[in-house]
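Asker: Just so it is clear, I am handing over final_17.cif, which has mmCIF, C-alpha atoms.
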data_upload
loop_
_atom_site.label_atom_id
_atom_site.label_comp_id
_atom_site.auth_asym_id
_atom_site.auth_seq_id
_atom_site.Cartn_x
_atom_site.Cartn_y
_atom_site.Cartn_z
CA MET A 1 0.00 0.00 0.00
CA LEU A 2 1.20 3.49 -0.87
CA TYR A 3 1.15 6.01 1.96
CA ASN A 4 1.23 9.79 2.29
CA ASP A 5 2.27 11.93 5.22
CA PHE A 6 -0.31 14.09 6.96
CA GLN A 7 1.03 15.95 9.99
CA ASP A 8 2.27 13.15 12.28
CA LEU A 9 0.29 10.41 10.51
CA LYS A 10 0.94 8.05 7.62
CA LEU A 11 -2.33 7.69 5.74
CA SER A 12 -2.97 5.05 3.11
CA ALA A 13 -3.12 6.80 -0.27
CA LEU A 14 -6.40 4.94 -0.90
CA GLY A 15 -9.35 5.57 1.41
CA PHE A 16 -12.55 3.53 1.51
CA GLY A 17 -15.56 5.79 0.84
CA ALA A 18 -18.86 4.46 2.19
CA MET A 19 -21.41 6.29 0.03
CA ARG A 20 -21.95 3.33 -2.31
CA LEU A 21 -21.73 0.23 -0.12
CA PRO A 22 -22.66 -3.25 -1.42
CA LEU A 23 -26.37 -4.03 -1.47
CA ASP A 24 -28.25 -7.32 -1.16
CA THR A 25 -31.20 -8.40 -3.28
CA GLN A 26 -33.54 -6.40 -1.03
CA GLY A 27 -31.59 -3.18 -1.59
CA LYS A 28 -30.17 -3.19 1.93
CA ILE A 29 -26.49 -2.95 2.84
CA ASP A 30 -24.90 -6.38 2.43
CA GLN A 31 -22.99 -6.62 5.71
CA ALA A 32 -21.26 -9.88 4.83
CA GLU A 33 -19.88 -8.45 1.58
CA LEU A 34 -18.90 -5.25 3.36
CA ASP A 35 -17.02 -7.30 5.95
CA ARG A 36 -15.12 -9.08 3.19
CA MET A 37 -14.23 -5.72 1.63
CA VAL A 38 -13.03 -4.26 4.92
CA ASP A 39 -11.01 -7.42 5.61
CA ALA A 40 -9.29 -7.08 2.23
CA ALA A 41 -8.65 -3.38 2.79
CA MET A 42 -7.22 -3.87 6.26
CA ALA A 43 -5.02 -6.74 5.11
CA ALA A 44 -3.61 -4.53 2.33
CA GLY A 45 -2.91 -1.62 4.69
CA VAL A 46 -5.86 0.74 4.07
CA ASN A 47 -6.28 2.77 7.25
CA TYR A 48 -8.73 5.54 6.22
CA TYR A 49 -12.51 5.01 6.14
CA ASP A 50 -14.98 7.73 5.18
CA THR A 51 -18.72 7.91 5.85
CA ALA A 52 -21.36 10.62 6.34
CA TYR A 53 -24.63 11.23 8.14
CA PRO A 54 -26.90 11.00 5.05
CA TYR A 55 -25.24 8.05 3.27
CA HIS A 56 -27.52 5.05 2.73
CA GLY A 57 -30.36 6.78 4.55
CA GLY A 58 -28.27 7.13 7.69
CA LEU A 59 -27.16 3.48 7.80
CA SER A 60 -23.70 3.79 6.27
CA GLU A 61 -22.15 4.88 9.58
CA VAL A 62 -23.67 1.92 11.40
CA ALA A 63 -22.69 -0.71 8.84
CA LEU A 64 -19.16 0.53 8.22
CA CYS A 65 -18.30 0.90 11.88
CA ALA A 66 -19.80 -2.49 12.75
CA SER A 67 -17.31 -3.95 10.30
CA LEU A 68 -14.39 -1.84 11.51
CA ALA A 69 -15.15 -2.67 15.17
CA ARG A 70 -13.70 -6.13 14.55
CA TYR A 71 -10.28 -4.49 14.45
CA PRO A 72 -8.39 -2.49 17.11
CA ARG A 73 -9.53 1.14 17.16
CA GLU A 74 -6.00 2.45 16.71
CA SER A 75 -5.61 0.50 13.44
CA TRP A 76 -8.10 2.65 11.45
CA HIS A 77 -8.92 6.30 10.99
CA LEU A 78 -12.61 7.20 10.77
CA ALA A 79 -13.93 10.25 8.91
CA ASP A 80 -17.51 11.48 9.31
CA LYS A 81 -19.36 14.64 8.24
CA PHE A 82 -21.87 17.18 9.50
CA PRO A 83 -24.78 17.60 7.00
CA GLY A 84 -24.93 21.39 6.95
CA HIS A 85 -25.50 21.28 3.19
CA GLN A 86 -28.95 19.82 3.86
CA ASN A 87 -30.07 22.85 5.86
CA VAL A 88 -31.90 24.32 2.91
CA LYS A 89 -35.51 25.25 2.32
CA GLY A 90 -37.86 22.35 2.87
CA VAL A 91 -35.33 20.21 4.76
CA LYS A 92 -34.98 19.76 8.52
CA HIS A 93 -32.51 22.01 10.31
CA PHE A 94 -29.72 19.83 11.64
CA VAL A 95 -28.39 20.93 15.03
CA PRO A 96 -24.65 20.21 15.49
CA GLU A 97 -24.99 18.95 19.06
CA GLU A 98 -27.75 16.50 18.16
CA VAL A 99 -26.11 15.21 14.97
CA PHE A 100 -22.62 14.84 16.43
CA GLU A 101 -23.76 12.89 19.49
CA ASP A 102 -25.94 10.68 17.29
CA GLN A 103 -23.00 10.00 14.98
CA LEU A 104 -20.72 8.95 17.84
CA ARG A 105 -23.46 6.62 19.10
CA LYS A 106 -24.15 5.10 15.67
CA CYS A 107 -20.45 4.61 14.98
CA GLY A 108 -19.76 3.24 18.45
CA VAL A 109 -16.70 5.44 18.89
CA GLU A 110 -15.58 8.07 21.37
CA TYR A 111 -13.94 10.33 18.79
CA PHE A 112 -13.61 10.93 15.05
CA ASP A 113 -10.12 10.97 13.60
CA PHE A 114 -11.33 13.27 10.82
CA TYR A 115 -14.51 15.34 10.76
CA LEU A 116 -15.79 17.45 7.90
CA LEU A 117 -18.30 20.19 7.30
CA HIS A 118 -20.13 18.42 4.49
CA ASN A 119 -20.60 19.81 0.99
CA VAL A 120 -19.82 23.50 1.25
CA ASN A 121 -21.42 24.99 -1.87
CA GLU A 122 -23.15 28.14 -3.02
CA SER A 123 -26.42 27.06 -1.37
CA SER A 124 -25.01 25.85 1.95
CA LEU A 125 -22.39 28.57 2.40
CA ALA A 126 -24.92 30.92 4.02
CA TRP A 127 -25.66 28.29 6.68
CA TYR A 128 -22.04 27.60 7.40
CA ALA A 129 -21.18 31.31 7.42
CA ASN A 130 -24.01 32.38 9.72
CA PRO A 131 -22.45 32.96 13.18
CA ASP A 132 -25.85 32.47 14.82
CA ASN A 133 -25.65 28.76 13.96
CA HIS A 134 -22.46 28.38 16.05
CA TYR A 135 -21.25 25.58 13.80
CA MET A 136 -17.59 26.44 13.99
CA ASP A 137 -17.70 27.25 17.71
CA TYR A 138 -19.21 23.86 18.45
CA PHE A 139 -16.85 21.79 16.32
CA LEU A 140 -13.78 23.65 17.52
CA ALA A 141 -14.90 22.89 21.07
CA GLN A 142 -15.20 19.21 20.17
CA LYS A 143 -11.71 19.31 18.72
CA ALA A 144 -10.37 20.91 21.88
CA ALA A 145 -12.02 18.13 23.88
CA GLY A 146 -10.33 15.47 21.72
CA ARG A 147 -13.57 14.21 20.17
CA ILE A 148 -12.41 15.48 16.77
CA ARG A 149 -8.75 14.89 15.97
CA HIS A 150 -8.65 16.73 12.62
CA LEU A 151 -11.23 19.19 11.29
CA GLY A 152 -11.81 19.87 7.59
CA PHE A 153 -14.51 20.28 4.97
CA SER A 154 -15.76 18.91 1.68
CA CYS A 155 -16.52 21.37 -1.08
CA HIS A 156 -18.52 21.36 -4.31
CA ALA A 157 -18.47 25.15 -4.68
CA ALA A 158 -16.93 26.96 -7.62
CA PRO A 159 -13.48 28.48 -6.99
CA ALA A 160 -15.00 31.79 -5.85
CA GLY A 161 -17.18 29.98 -3.29
CA LEU A 162 -14.18 28.02 -2.04
CA GLU A 163 -12.27 31.26 -1.55
CA ARG A 164 -15.20 32.79 0.35
CA PHE A 165 -15.29 29.86 2.76
CA LEU A 166 -11.53 29.93 3.28
CA ALA A 167 -11.71 33.65 4.05
CA LEU A 168 -14.18 32.83 6.82
CA TYR A 169 -12.77 29.63 8.31
CA GLY A 170 -9.59 28.72 6.46
CA GLU A 171 -7.44 29.16 9.55
CA HIS A 172 -9.32 26.30 11.25
CA MET A 173 -9.37 23.88 8.31
CA GLU A 174 -6.73 21.14 8.21
CA PHE A 175 -7.80 19.50 4.93
CA CYS A 176 -10.32 19.89 2.12
CA GLN A 177 -12.11 17.21 0.11
CA ILE A 178 -12.99 18.16 -3.47
CA GLN A 179 -14.25 16.41 -6.60
CA LEU A 180 -11.11 15.74 -8.57
CA ASN A 181 -10.44 13.62 -11.65
CA TYR A 182 -9.05 14.09 -15.15
CA LEU A 183 -12.47 15.09 -16.52
CA ASP A 184 -13.22 17.72 -13.86
CA TRP A 185 -9.68 19.10 -13.94
CA THR A 186 -11.01 21.55 -16.53
CA LEU A 187 -14.76 20.81 -16.68
CA GLN A 188 -15.32 21.89 -13.06
CA ASP A 189 -12.23 24.06 -12.57
CA ALA A 190 -10.66 21.50 -10.23
CA GLU A 191 -7.19 22.68 -11.23
CA GLN A 192 -7.97 26.15 -9.92
CA LYS A 193 -9.41 24.73 -6.70
CA VAL A 194 -6.25 22.71 -6.10
CA SER A 195 -4.21 25.86 -6.67
CA ILE A 196 -6.33 27.80 -4.16
CA LEU A 197 -6.01 25.12 -1.51
CA ARG A 198 -2.26 24.73 -1.95
CA ALA A 199 -1.78 28.49 -1.70
CA ALA A 200 -3.67 28.32 1.60
CA GLY A 201 -1.50 25.42 2.79
CA ILE A 202 -4.46 23.02 2.98
CA PRO A 203 -3.91 19.37 1.92
CA VAL A 204 -6.19 18.01 -0.80
CA TRP A 205 -8.50 15.03 -0.33
CA VAL A 206 -10.14 13.55 -3.45
CA MET A 207 -13.73 12.42 -3.89
CA GLU A 208 -15.23 11.05 -7.12
CA PRO A 209 -11.87 9.93 -8.59
CA VAL A 210 -13.70 7.86 -11.23
CA ARG A 211 -16.73 10.20 -11.47
CA GLY A 212 -19.27 7.84 -9.92
CA GLY A 213 -18.07 5.07 -12.24
CA ARG A 214 -18.19 7.19 -15.41
CA LEU A 215 -14.39 6.92 -15.79
CA ALA A 216 -14.44 3.17 -15.15
CA HIS A 217 -16.09 2.11 -18.42
CA PHE A 218 -15.94 3.50 -21.95
CA ASP A 219 -16.87 2.50 -25.46
CA GLU A 220 -14.90 -0.36 -27.01
CA ALA A 221 -12.62 1.89 -29.07
CA THR A 222 -11.58 4.02 -26.09
CA GLU A 223 -10.97 1.04 -23.84
CA ALA A 224 -8.91 -0.61 -26.59
CA LYS A 225 -6.59 2.43 -26.72
CA LEU A 226 -6.11 2.43 -22.96
CA ARG A 227 -5.48 -1.31 -22.80
CA ALA A 228 -3.01 -1.12 -25.66
CA ALA A 229 -1.03 1.47 -23.73
CA ARG A 230 -1.17 -0.44 -20.42
CA PRO A 231 -2.26 -4.04 -20.96
CA ASP A 232 -1.89 -4.95 -17.29
CA GLU A 233 -3.96 -2.05 -15.91
CA SER A 234 -7.71 -1.87 -15.45
CA ILE A 235 -9.66 1.07 -16.86
CA PRO A 236 -10.35 2.62 -13.40
CA ALA A 237 -6.62 2.40 -12.61
CA TRP A 238 -5.97 5.12 -15.20
CA ALA A 239 -7.96 7.62 -13.13
CA PHE A 240 -5.98 6.80 -10.00
CA ARG A 241 -2.65 6.92 -11.86
CA TRP A 242 -3.60 10.36 -13.22
CA LEU A 243 -4.25 11.63 -9.69
CA ARG A 244 -0.93 10.27 -8.45
CA THR A 245 0.87 11.81 -11.46
CA VAL A 246 -0.69 15.28 -11.79
CA PRO A 247 -2.29 16.84 -8.66
CA LYS A 248 -0.74 14.30 -6.24
CA PRO A 249 -3.30 14.66 -3.40
CA THR A 250 -2.83 13.41 0.14
CA MET A 251 -5.93 11.19 0.14
CA ILE A 252 -7.90 9.50 -2.65
CA LEU A 253 -11.31 8.18 -1.64
CA SER A 254 -13.02 5.51 -3.69
CA GLY A 255 -16.65 4.52 -3.16
CA MET A 256 -16.30 0.79 -3.79
CA SER A 257 -19.45 -1.34 -4.03
CA ASN A 258 -18.11 -4.90 -4.16
CA LEU A 259 -15.06 -6.98 -3.38
CA ALA A 260 -13.89 -7.06 -6.99
CA GLN A 261 -13.67 -3.26 -7.10
CA MET A 262 -11.81 -3.29 -3.79
CA GLN A 263 -9.31 -5.87 -5.03
CA ASP A 264 -8.71 -3.96 -8.26
CA ASN A 265 -8.05 -0.72 -6.40
CA LEU A 266 -5.78 -2.44 -3.89
CA LYS A 267 -3.71 -3.78 -6.79
CA THR A 268 -3.46 -0.27 -8.27
CA PHE A 269 -2.32 1.25 -4.98
CA SER A 270 0.22 -1.47 -4.29
CA GLU A 271 2.80 0.38 -6.41
CA ASP A 272 3.35 3.80 -7.95
CA ARG A 273 3.32 3.82 -11.76
CA PRO A 274 3.14 7.45 -12.95
CA LEU A 275 1.70 8.16 -16.38
CA SER A 276 3.97 9.27 -19.20
CA GLY A 277 3.43 12.39 -21.27
CA GLU A 278 1.92 10.31 -24.06
CA GLU A 279 -0.43 8.58 -21.62
CA LEU A 280 -1.53 11.91 -20.13
CA ALA A 281 -2.27 13.16 -23.65
CA LEU A 282 -4.41 10.07 -24.23
CA LEU A 283 -6.48 10.87 -21.14
CA ASP A 284 -6.87 14.44 -22.37
CA GLU A 285 -8.48 13.00 -25.50
CA VAL A 286 -10.79 10.83 -23.40
CA ALA A 287 -11.81 13.81 -21.25
CA ALA A 288 -12.56 15.92 -24.32
CA SER A 289 -14.84 13.21 -25.69
CA LEU A 290 -16.75 13.07 -22.39
CA ALA A 291 -17.21 16.81 -21.91
CA ARG A 292 -20.61 16.76 -23.63
CA LEU A 293 -22.06 14.34 -21.07
CA ILE A 294 -24.20 15.34 -18.08
CA PRO A 295 -21.78 15.53 -15.11
CA CYS A 296 -23.97 13.51 -12.71
CA THR A 297 -22.06 11.41 -10.16
CA GLY A 298 -25.10 9.56 -8.77
CA CYS A 299 -24.87 11.12 -5.29
CA ARG A 300 -28.71 11.23 -5.15
CA TYR A 301 -28.88 14.49 -3.21
CA CYS A 302 -31.48 15.59 -5.78
CA CYS A 303 -33.85 12.77 -4.86
CA ALA A 304 -34.48 13.67 -1.21
CA GLY A 305 -36.58 16.75 -1.95
CA CYS A 306 -38.18 15.73 -5.25
CA PRO A 307 -41.97 16.14 -4.85
CA LYS A 308 -42.57 13.59 -7.63
CA HIS A 309 -40.10 11.07 -6.14
CA LEU A 310 -38.30 10.70 -9.47
CA ASP A 311 -35.16 8.58 -9.80
CA ILE A 312 -33.23 11.49 -11.27
CA PRO A 313 -29.70 9.97 -11.30
CA THR A 314 -30.95 6.87 -13.11
CA MET A 315 -32.61 9.00 -15.80
CA LEU A 316 -29.53 11.21 -16.20
CA ALA A 317 -27.43 8.06 -16.57
CA MET A 318 -29.84 6.90 -19.27
CA ALA A 319 -29.46 10.25 -21.01
CA ASN A 320 -25.68 9.82 -21.00
CA ASP A 321 -26.06 6.28 -22.34
CA MET A 322 -28.13 7.66 -25.19
CA ALA A 323 -25.52 10.34 -25.86
CA VAL A 324 -22.79 7.73 -26.23
CA SER A 325 -24.82 5.17 -28.16
CA ALA A 326 -28.61 5.07 -28.55
CA SER A 327 -29.77 1.67 -27.35
CA PHE A 328 -33.01 -0.29 -27.27
CA ASN A 329 -31.97 -1.54 -23.83
CA THR A 330 -31.85 2.01 -22.50
CA VAL A 331 -35.31 2.73 -23.88
CA ALA A 332 -36.63 -0.46 -22.30
CA ARG A 333 -35.15 0.45 -18.91
CA TYR A 334 -36.66 3.91 -19.19
CA THR A 335 -40.11 2.50 -19.97
CA ALA A 336 -39.83 0.16 -16.97
CA LEU A 337 -39.54 3.10 -14.55
CA GLY A 338 -43.33 3.08 -14.41
CA GLU A 339 -46.20 5.52 -14.67
CA GLY A 340 -45.56 8.91 -13.14
CA LYS A 341 -41.81 8.28 -12.85
CA HIS A 342 -40.56 9.47 -16.22
CA ALA A 343 -38.70 12.61 -17.25
CA GLY A 344 -41.89 14.23 -18.50
CA ASP A 345 -43.36 14.03 -14.99
CA CYS A 346 -40.86 16.60 -13.70
CA ILE A 347 -42.67 19.78 -12.58
CA SER A 348 -39.50 21.96 -12.75
CA CYS A 349 -39.76 23.04 -9.10
CA GLY A 350 -35.98 23.53 -8.96
CA GLN A 351 -35.40 21.59 -5.72
CA CYS A 352 -33.00 19.26 -7.53
CA VAL A 353 -30.99 22.16 -8.95
CA ARG A 354 -30.50 23.66 -5.50
CA ALA A 355 -29.39 20.30 -4.10
CA CYS A 356 -27.06 19.32 -6.96
CA PRO A 357 -23.32 19.60 -6.18
CA GLN A 358 -22.63 19.53 -9.94
CA LYS A 359 -24.90 22.54 -10.69
CA ILE A 360 -26.80 20.50 -13.30
CA ASP A 361 -29.91 22.09 -14.77
CA VAL A 362 -31.86 18.91 -14.03
CA PRO A 363 -35.30 20.06 -15.32
CA ALA A 364 -33.73 21.03 -18.66
CA GLU A 365 -31.95 17.67 -18.96
CA LEU A 366 -35.12 15.78 -18.07
CA ARG A 367 -37.05 17.80 -20.66
CA ARG A 368 -34.45 16.83 -23.28
CA LEU A 369 -34.64 13.17 -22.27
CA ASP A 370 -38.43 13.30 -22.48
CA GLU A 371 -38.25 14.85 -25.96
CA CYS A 372 -35.89 12.11 -27.10
CA MET A 373 -37.94 9.28 -25.66
CA ARG A 374 -41.11 10.63 -27.25
CA GLY A 375 -39.37 10.95 -30.61
CA GLN A 376 -39.56 14.75 -30.78
CA LYS A 377 -35.78 15.13 -31.18
CA THR A 378 -32.86 12.88 -31.97
CA TRP A 379 -30.14 12.56 -29.37
CA GLU A 380 -27.70 14.21 -31.75
CA GLU A 381 -29.97 17.28 -31.84
CA ILE A 382 -30.19 17.27 -28.06
CA CYS A 383 -26.40 17.08 -27.65
CA ALA A 384 -26.04 20.00 -30.07
CA GLU A 385 -28.62 21.96 -28.07
CA ARG A 386 -26.80 21.26 -24.81
CA ALA A 387 -23.46 22.32 -26.34
CA ALA A 388 -25.01 25.56 -27.58
CA ALA A 389 -26.49 26.28 -24.15
CA ALA A 390 -23.14 25.66 -22.48
CA GLU A 391 -21.39 27.97 -24.92
CA ALA A 392 -23.98 30.67 -24.26
CA LEU A 393 -23.36 30.40 -20.52
CA LYS A 394 -19.61 30.77 -21.05
CA LYS A 395 -20.09 33.91 -23.14
CA ALA A 396 -22.49 35.35 -20.56
CA ALA A 397 -19.94 34.69 -17.80
CA LYS A 398 -17.30 36.65 -19.70
#
Show me this structure written as structure tokens.

Answerer:
Amino acid sequence: MLYNDFQDLKLSALGFGAMRLPLDTQGKIDQAELDRMVDAAMAAGVNYYDTAYPYHGGLSEVALCASLARYPRESWHLADKFPGHQNVKGVKHFVPEEVFEDQLRKCGVEYFDFYLLHNVNESSLAWYANPDNHYMDYFLAQKAAGRIRHLGFSCHAAPAGLERFLALYGEHMEFCQIQLNYLDWTLQDAEQKVSILRAAGIPVWVMEPVRGGRLAHFDEATEAKLRAARPDESIPAWAFRWLRTVPKPTMILSGMSNLAQMQDNLKTFSEDRPLSGEELALLDEVAASLARLIPCTGCRYCCAGCPKHLDIPTMLAMANDMAVSASFNTVARYTALGEGKHAGDCISCGQCVRACPQKIDVPAELRRLDECMRGQKTWEEICAERAAAAEALKKAAK
């Protein structure tokens, strides 16, 4: 296992993210499979495990820590998060004291090695910045009491929003977790965010290294090019190699959902194999070909407040499938969603847009999907429309 230094600690370069844990046939967390994954991770030297209050409907903390409890507490570092990003209109106000004590109880621990203010973005910044909420006062007090060893934050804000947060609380932040991969390096200004954090002396943690799985599978031609360049590497390994070659973060979190994914990642992180200039250029080509896709990572934050209870991430994934290659199978899956659960049932209330870390105009994308599925437009026309809209936004920003 590769390791990186963080203050007086040696952290495994790979961290186990618990947002997408294995599920059984009933859709519940598969504890036996999770135990096998944790066993493999611990045996390989992974010592960083990341969960959050909302993951898996509040059950991720319980399941992950039940598995970790089989090992000595000093052998693993646990990261958890305060859901301040969910304190938006229509959602319950989460009180730090209540949430933190509940998290310690659910995790069965007396302290968190790492604790984050979750998903600082343009919508949640007002909550985090409001001194009347006493967020920072409370968590700094917990750190002073030894119940938080290291305090940081995760951020989906644009560079300007990141700078605003750092101006408020940067002196107290020991690390920052951002969405970082070779697609978002330019698509979501991740390069600028890394620059901002390094200028502030704040170590970088990575989430979404393979973009919710989008960088783990490609069309046959693209995968053939990657395999020709590195026959002994898996497709996801390229994303991790890019991170270790270019931004070189302190921590890379991967949300693994089965033992096979865990084993593949453990193999990748067993040795450092930086990418060459030619290989980096190849990934630039791949990123350029993906830039037209909807940047959904499947986090499902949009689903919690949807008044129509639509499975938005699934439909956006279908839209991306259609953009890559129109398929009868995709149409069949779309039809199977059932009455009242299709893209055309969206009422454009905007709740999903406010919740989306990726700033996706979800109602517009669902409208386009609906038009395609009803035969009003071809997917090529829809992709051209999306490209034109994106170009218009860029010009307006200038």

Asker: Could you check which of A:Asn119, A:Ser254, A:Asn265, A:Ser234 is closest to Phe153 of chain A, using all atoms listed in the file?

Answerer: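 Residue with the minimum atom-to-atom distance to Phe153 of chain A: A:Asn119.
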
Asker: Which residue gives the smallest distance to Pro203 of chain A among A:Asp284, A:Glu174, A:Asp39, A:Asp370, with only C-alpha atoms counted?

Answerer: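 Of A:Asp284, A:Glu174, A:Asp39, A:Asp370, the one nearest Pro203 of chain A, counting only C-alpha atoms, is A:Glu174.
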
Asker: With all atoms listed in the file as the basis for distance, which of A:Ala228, A:Leu369, A:Met251, A:Val286 is at the shortest distance from Ile312 of chain A?

Answerer: A:Leu369

Asker: Report as a ChimeraX atom specification the residues that result from applying the PyMOL selection byres ((chain A and resi 282) around 12) to the structure here.

Answerer: /A:182,222-230,238-239,242,275-281,283-289

Asker: Could you give me, as CSV, a per-residue list for segment 140-228 of chain A showing, wherever an atom lies at most 12 Å from an atom of segment 124-136 of chain A, the closest pair of atoms and their distance in Å to one decimal, using only C-alpha atoms and sorting by chain then residue number from low to high?

Answerer:
residue,atom,partner,partner_atom,distance
A:Leu140,CA,A:Met136,CA,5.9
A:Ala141,CA,A:Met136,CA,8.4
A:Gln142,CA,A:Met136,CA,9.8
A:Lys143,CA,A:Met136,CA,10.4
A:Leu151,CA,A:Met136,CA,10.0
A:Gly152,CA,A:Met136,CA,10.8
A:Phe153,CA,A:Tyr128,CA,10.8
A:Ser154,CA,A:Ser124,CA,11.6
A:Cys155,CA,A:Leu125,CA,9.9
A:His156,CA,A:Ser124,CA,10.1
A:Ala157,CA,A:Leu125,CA,8.8
A:Ala158,CA,A:Leu125,CA,11.5
A:Ala160,CA,A:Leu125,CA,11.5
A:Gly161,CA,A:Leu125,CA,7.8
A:Leu162,CA,A:Leu125,CA,9.3
A:Glu163,CA,A:Leu125,CA,11.2
A:Arg164,CA,A:Leu125,CA,8.6
A:Phe165,CA,A:Leu125,CA,7.2
A:Leu166,CA,A:Ala129,CA,10.6
A:Ala167,CA,A:Ala129,CA,10.3
A:Leu168,CA,A:Ala129,CA,7.2
A:Tyr169,CA,A:Met136,CA,8.1
A:Gly170,CA,A:Met136,CA,11.2
A:Glu171,CA,A:Met136,CA,11.4
A:His172,CA,A:Met136,CA,8.7
A:Met173,CA,A:Met136,CA,10.3

Asker: Please provide as an NGL selection string all residues within 12 Å of Pro357 of chain A, with the sequence filter that same-chain residues fewer than 2 positions apart are discarded (counting only C-alpha atoms).

Answerer: :A and (85-86 or 118-124 or 154-158 or 178-179 or 188 or 208 or 295-302 or 352-355 or 359-362)

Asker: Calculated over only C-alpha atoms, which of the candidates A:Leu180, A:Ala44, A:Pro231, A:Leu293 has the smallest distance to Pro247 of chain A?

Answerer: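 Among the listed residues, A:Leu180 lies closest to Pro247 of chain A.
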
Asker: Which value, in Å to one decimal, gives the distance between atom CA of Val38 of chain A and atom CA of Ser67 of chain A?

Answerer: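 These atoms are spaced 6.9 Å apart.
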
Asker: Here is a test: counting all atoms listed in the file, which residue of A:Ala69, A:Val109, A:His309, A:Arg386 is nearest to Leu337 of chain A?

Answerer: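 The closest residue to Leu337 of chain A is A:His309.
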
Asker: Between A:Met42, A:Cys107, A:Ala18, A:Ala66, which residue has the minimum interatomic distance to Leu266 of chain A, considering all atoms listed in the file?

Answerer: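 Once distances to Leu266 of chain A are computed over all atoms listed in the file, the minimum belongs to A:Met42.
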
Asker: Work out how far atom CA of Val62 of chain A is from atom CA of Lys106 of chain A, in Å to one decimal.

Answerer: 5.3 Å

Asker: Tell me, as a count of residues only, which residues lie within 8 Å of Arg241 of chain A, counting only C-alpha atoms; anything in the same chain fewer than 2 positions away does not count.

Answerer: 10

Asker: Between atom CA of Leu14 of chain A and atom CA of Val206 of chain A, what is the spacing in Å?

Answerer: 9.7 Å

Asker: Spell out the residues picked by the PyMOL selection byres ((chain A and resi 46) around 12) here, as a short mmCIF file (atom, residue, chain, number, x, y, z; two decimals) with C-alpha atoms, in the coordinates of the input.

Answerer:
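Output file result35.cif is given in full below:
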data_model
loop_
_atom_site.label_atom_id
_atom_site.label_comp_id
_atom_site.auth_asym_id
_atom_site.auth_seq_id
_atom_site.Cartn_x
_atom_site.Cartn_y
_atom_site.Cartn_z
CA MET A 1 0.00 0.00 0.00
CA LEU A 2 1.20 3.49 -0.87
CA TYR A 3 1.15 6.01 1.96
CA ASN A 4 1.23 9.79 2.29
CA LYS A 10 0.94 8.05 7.62
CA LEU A 11 -2.33 7.69 5.74
CA SER A 12 -2.97 5.05 3.11
CA ALA A 13 -3.12 6.80 -0.27
CA LEU A 14 -6.40 4.94 -0.90
CA GLY A 15 -9.35 5.57 1.41
CA PHE A 16 -12.55 3.53 1.51
CA GLY A 17 -15.56 5.79 0.84
CA MET A 37 -14.23 -5.72 1.63
CA VAL A 38 -13.03 -4.26 4.92
CA ASP A 39 -11.01 -7.42 5.61
CA ALA A 40 -9.29 -7.08 2.23
CA ALA A 41 -8.65 -3.38 2.79
CA MET A 42 -7.22 -3.87 6.26
CA ALA A 43 -5.02 -6.74 5.11
CA ALA A 44 -3.61 -4.53 2.33
CA GLY A 45 -2.91 -1.62 4.69
CA ASN A 47 -6.28 2.77 7.25
CA TYR A 48 -8.73 5.54 6.22
CA TYR A 49 -12.51 5.01 6.14
CA ASP A 50 -14.98 7.73 5.18
CA LEU A 68 -14.39 -1.84 11.51
CA SER A 75 -5.61 0.50 13.44
CA TRP A 76 -8.10 2.65 11.45
CA HIS A 77 -8.92 6.30 10.99
CA LEU A 78 -12.61 7.20 10.77
CA MET A 251 -5.93 11.19 0.14
CA ILE A 252 -7.90 9.50 -2.65
CA LEU A 253 -11.31 8.18 -1.64
CA SER A 254 -13.02 5.51 -3.69
CA MET A 262 -11.81 -3.29 -3.79
CA GLN A 263 -9.31 -5.87 -5.03
CA ASN A 265 -8.05 -0.72 -6.40
CA LEU A 266 -5.78 -2.44 -3.89
CA LYS A 267 -3.71 -3.78 -6.79
CA PHE A 269 -2.32 1.25 -4.98
CA SER A 270 0.22 -1.47 -4.29
#

Asker: Could you spell out the hits of the PyMOL selection byres ((chain A and resi 329-336) around 10) on the shown file, as JSON, numbers by chain?

Answerer: {"A": [314, 315, 317, 318, 319, 321, 322, 325, 326, 327, 328, 337, 338, 339, 341, 342, 343, 369, 372, 373]}

Asker: At most 9 Å from (-7.5, 12.8, 12.0), file frame, all atoms listed in the file: which residues, as a ChimeraX atom specification?

Answerer: /A:6,9,77-79,112-115,148-151

Asker: Since we have the selection now, will you write its residues out, keeping C-alpha atoms, as a PDB file, in the frame of the given file?

Answerer:
ATOM      1  CA  PHE A   6      -0.310  14.090   6.960  1.00  0.00           C
ATOM      2  CA  LEU A   9       0.290  10.410  10.510  1.00  0.00           C
ATOM      3  CA  HIS A  77      -8.920   6.300  10.990  1.00  0.00           C
ATOM      4  CA  LEU A  78     -12.610   7.200  10.770  1.00  0.00           C
ATOM      5  CA  ALA A  79     -13.930  10.250   8.910  1.00  0.00           C
ATOM      6  CA  PHE A 112     -13.610  10.930  15.050  1.00  0.00           C
ATOM      7  CA  ASP A 113     -10.120  10.970  13.600  1.00  0.00           C
ATOM      8  CA  PHE A 114     -11.330  13.270  10.820  1.00  0.00           C
ATOM      9  CA  TYR A 115     -14.510  15.340  10.760  1.00  0.00           C
ATOM     10  CA  ILE A 148     -12.410  15.480  16.770  1.00  0.00           C
ATOM     11  CA  ARG A 149      -8.750  14.890  15.970  1.00  0.00           C
ATOM     12  CA  HIS A 150      -8.650  16.730  12.620  1.00  0.00           C
ATOM     13  CA  LEU A 151     -11.230  19.190  11.290  1.00  0.00           C
TER      14      LEU A 151
END

Asker: Near Ala384 of chain A, within 12 Å and counting all atoms listed in the file, which residues show up once chain neighbours fewer than 6 positions away are dropped, as a list of chain:residue names?

Answerer: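 Near neighbours after the sequence-gap exclusion: A:Arg292, A:Leu293, A:Ala323, A:Arg368, A:Lys377, A:Thr378, A:Ala390, A:Glu391.
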